Amino acid sequence: MAYVATRGGERAIDQAERLFREDLGTIDAERVETIRTAMPYLVDRVMGEASFYSEELAALALAQTGGELSEAVLVLRAWRTTQPRIGIAATVQQEQLLTQRRISAAFKDIPGGQILGPTLDYSHRVLATDVLEGTPFVPPAVEPADTAAPAQQPSLAAWQRQLGLVAPLPEAAAAGAEIPDLTREPLLFPASRAHRLQSLARAETGGVLALGYAAMRGYGNAHPTVNELRLAEAEVMVRHPSGTPFSAGRIRVSQAEVTAKREYLDLGFAATFGWNEIKVIASATLDLNSAAAPVGSPVHEEFYLYHTESVEASGFCIHFKLPHYVTFQSALDAMRDAKAKKQTAAANLVAEREEEPVA
Amino acid sequence: MSLKTLTKPWAATSYGFLDASAKREMRRKILKAIAVPGCQMPYASREVPMARGWGTGGLQVTLTLVNPRSVVKVIDQGADDGVNAASIRRFISRVSQAEETWDTLAASIVQSRHRIPEETMTKDQILVLQVPNPEPLRGVEPNISIARQMHADADYGKLWLTLYEQLVKAGRIMQGAAYPSLVNGRHVMTPSPIPRWDVPKLNMARHLTILSAGREKRLFAVPPHTRVEPLVFSDRPYLVEDHARLVCERSGIAGYFMNEIPQDDGSSTFEVSDSNLGIKAIRASEGAPAEIGETWYRNGKFAQ
């Protein structure tokens, strides 16, 4: 059995995982709750990329992977895929969102108003090092406005559409069970718009940023203007078997509409679970650029949808750590043979030359 | 009759991990793939608790086929105890209660990455090959939509051209593993990155082979008794790796695909890549009972 003993892969993988887990220590409900409350934007990002809305489970995924984002998303998606679909929620309507932040760069002011809401946009990015010296950072209290912003806001695009600036909406959109579900069907090309937007919604933030930024810098054909950006909460309206609609809870969502001028104002759109502005602006830019994108360019849907799929991309990247010695051996064999053939051919050539009479 | 008698006890996941709707889709796509040999069938490809690119395509097929009476062998680079093979096999048996084996002869399902076992598989066995890139045209056409159209038109000219270019430049076809092969005279497929040594094992085989790429969401199949012909020019024969005369340093057997082990003195030794075949040979030499089955290659030559 010497042969077996010297290999011992099963024990090795066991112990390697133990090493990783030991470094993270005991994970309890308290640690999960701390992550959930202290890092809502990280939790949002993981929920978005996993396309699975559960702050608690996302925080757990972060806890048990030590914040290794790709791993956290994978573990959450693998959980998600085992869950039955017990119902389909009503489509979220923009004007019904409980909007906490809504801005447009296209106009100085818009119907419903610009609402800054919570943001670091205008903050000075200075580390609060006092915290480490023993002075906790206590956020100053927010002073309420004289008149609260309305909870719901009209859609800017709807107003633009009325004025004939934006192309009319296509015929009745699919609803409920008619909406194709990317998590249950393969992504084929040309992708349906539903599949494209679903794919962007679960795309890797860094991935869409890289390709969206490439488009913004000039590798795309349309320069985006943020028509409307929203951070909001949406009621998840489902129907009880008895027929009564009810809210199953609220989820945080982000939406971005970016625009470029052609015949009409073209709109690119993206939405995702959680609050993640970079992701939706970059994704909407990719959506905006898709229509006129040359095949093979970074703004062509097949290119950016495939390459921003976080679980696929990260998995394939790390798979190169797996042994490849069989394929390597196979290539080596062909290389050695080709080299030998060349040497034989060269030797034959020399021999032929030597046979020639010297003039 | 109570509700309890009508339902199963709660479990965190379904039998075999995948839920019923995922398995149904897999079965339909597998049947479709068998009906059109070598043609890539897109499927949803659910996430499984393993990273993409680590055998998730093969795993989804195996999880769909497996039942409590199955006997499952998993190999990576020919070895049963490769770390990832061990991880996959442990997962499969954990969620399906299927029996685990290292013995090709005992297995009802063999899931493999990069190798086909040396012992001949029979009609009661299924080979599941993990596929990183299902598209043989990827090298000449990275766009999937265009490649799909080329398959539809049986337009393989660019592929032939690359093989011809290799011949002209290097004096031989340089394709190592994953040698493009024509299935049933119609679709060119990649046999997955198995060495050229293994491709003839698929031709007119007695077993069913299912090839599945989880990350790329495509699966295809070679049904039993189906032609699988590597793309070669009529005056340039297909060349398998020159391993026929190599001898395994550990087990002493020869005439099979070998792993090369570089030595400190600059030389190389070899060990048989099908690790369990090596174990059987060692056991046999020690006088222990070990049945080595019929093999595809005999004395280093493919015997059909």
# chains A, B, ... in the order shown; residues from 1 in each chain; ligands from 1
call {"tool": "interface_residues", "arguments": {"of": "chain A", "to": "chain B", "cutoff": "6 Å", "atoms": "only C-alpha atoms", "output": "JSON, numbers by chain"}}
result
{"A": [9, 10, 78, 82, 184, 185, 186, 312, 315, 316, 319, 326, 327, 330, 331, 333, 334, 338]}
call {"tool": "select_by_dssp", "arguments": {"residues": "region 132-243 of chain B", "states": "alpha helix (DSSP H)", "output": "list in words"}}
result
Ile144, Ser145, Ile146, Ala147, Arg148, Gln149, Met150, His151, Ala152, Gly157, Lys158, Leu159, Trp160, Leu161, Thr162, Leu163, Tyr164, Glu165, Gln166, Leu167, Val168, Lys169 and Ala170 of chain B
call {"tool": "atom_distance", "arguments": {"atom1": "CA of Leu156 (chain A)", "atom2": "CA of Gln255 (chain A)"}}
result
12.5 Å
call {"tool": "residues_around", "arguments": {"residues": "Ser108 (chain B)", "least_positions_apart": "4", "cutoff": "7 Å", "atoms": "only C-alpha atoms", "output": "number ranges by chain"}}
result
B: 70-72, 124-126
call {"tool": "write_last_selection", "arguments": {"atoms": "C-alpha atoms", "output": "short mmCIF file (atom, residue, chain, number, x, y, z; two decimals), in the first residue's frame"}}
result
data_model
loop_
_atom_site.label_atom_id
_atom_site.label_comp_id
_atom_site.auth_asym_id
_atom_site.auth_seq_id
_atom_site.Cartn_x
_atom_site.Cartn_y
_atom_site.Cartn_z
CA SER B 70 -24.45 3.75 -7.91
CA VAL B 71 -20.76 3.10 -7.53
CA VAL B 72 -18.79 6.23 -8.27
CA ASP B 124 -23.21 -0.66 -18.12
CA GLN B 125 -20.89 2.20 -17.31
CA ILE B 126 -21.14 5.91 -17.94
#
call {"tool": "residues_around", "arguments": {"residues": "region 226-230 of chain B", "least_positions_apart": "4", "cutoff": "9 Å", "atoms": "only C-alpha atoms", "output": "short mmCIF file (atom, residue, chain, number, x, y, z; two decimals) with C-alpha atoms, in the first residue's frame"}}
result
data_model
loop_
_atom_site.label_atom_id
_atom_site.label_comp_id
_atom_site.auth_asym_id
_atom_site.auth_seq_id
_atom_site.Cartn_x
_atom_site.Cartn_y
_atom_site.Cartn_z
CA PRO B 37 -23.94 13.19 -30.81
CA GLY B 38 -21.22 15.77 -30.36
CA TYR B 179 -7.75 16.96 -29.92
CA PRO B 180 -10.72 18.11 -32.07
CA SER B 181 -12.70 15.11 -33.26
CA LEU B 182 -15.59 14.56 -35.63
CA VAL B 183 -18.49 12.79 -33.96
CA ASN B 184 -20.84 10.61 -35.96
CA GLY B 185 -19.56 12.26 -39.13
CA VAL B 188 -16.69 18.47 -34.36
CA ARG B 196 -4.43 12.09 -27.72
CA VAL B 199 -9.33 9.80 -27.94
CA PRO B 200 -9.49 6.40 -29.72
CA LYS B 201 -11.18 5.03 -26.58
CA LEU B 202 -14.24 7.09 -27.44
CA ASN B 203 -14.57 5.72 -30.96
CA MET B 204 -17.26 3.01 -31.20
CA ALA B 205 -17.05 2.61 -27.43
CA ARG B 206 -19.39 0.32 -25.55
CA VAL B 222 -20.90 10.40 -27.36
CA TYR B 238 -3.09 10.42 -36.05
#
call {"tool": "closest_residue", "arguments": {"among": "B:Ala147, B:Leu59, B:Leu105, B:Ile210", "to": "Ile88 (chain B)", "atoms": "only C-alpha atoms"}}
result
B:Leu59
call {"tool": "residues_around", "arguments": {"residues": "Ala177 (chain A)", "least_positions_apart": "6", "cutoff": "12 Å", "atoms": "only C-alpha atoms", "output": "list in words"}}
result
Arg85, Ile86, Gly87, Ile88, Ala89, Ala90 and Thr91 of chain A
call {"tool": "write_last_selection", "arguments": {"atoms": "C-alpha atoms", "output": "compact mmCIF listing (two decimals), in the first residue's frame"}}
result
# COMPACT_ATOMS: atom_id res chain seq x y z
CA ARG A 85 -39.25 29.20 -6.13
CA ILE A 86 -42.48 29.45 -4.23
CA GLY A 87 -43.81 32.57 -5.87
CA ILE A 88 -43.11 35.41 -8.23
CA ALA A 89 -43.26 38.91 -6.85
CA ALA A 90 -44.98 41.77 -8.64
CA THR A 91 -42.72 43.84 -10.88
call {"tool": "closest_residue", "arguments": {"among": "A:Ile13, A:Leu62, A:Val280, A:Leu169", "to": "Val208 (chain A)", "atoms": "only C-alpha atoms"}}
result
A:Val280
call {"tool": "closest_residue", "arguments": {"among": "B:Val232, B:Met189, B:Ala254, B:Ile109", "to": "Leu161 (chain B)", "atoms": "only C-alpha atoms"}}
result
B:Val232
call {"tool": "closest_residue", "arguments": {"among": "B:Phe220, B:Phe233, B:Phe302, B:Tyr297", "to": "Ala33 (chain B)", "atoms": "only C-alpha atoms"}}
result
B:Phe220
call {"tool": "residues_around", "arguments": {"residues": "Arg202 (chain A)", "least_positions_apart": "6", "cutoff": "6 Å", "atoms": "only C-alpha atoms", "output": "PyMOL selection string"}}
result
chain A and resi 48-49+51
call {"tool": "write_last_selection", "arguments": {"atoms": "C-alpha atoms", "output": "CSV table (one decimal), in the first residue's frame"}}
result
chain,number,residue,atom,x,y,z
A,48,GLY,CA,-26.3,41.7,-5.5
A,49,GLU,CA,-23.7,39.4,-7.0
A,51,SER,CA,-28.8,37.6,-6.7
call {"tool": "closest_residue", "arguments": {"among": "A:Leu116, A:Leu97, A:Leu57, A:Ala128", "to": "Trp79 (chain A)", "atoms": "only C-alpha atoms"}}
result
A:Leu57
call {"tool": "residues_around", "arguments": {"residues": "Ser290 (chain A)", "least_positions_apart": "3", "cutoff": "7 Å", "atoms": "only C-alpha atoms", "output": "MDAnalysis selection string"}}
result
chainID A and resid 286:287 293 299:301
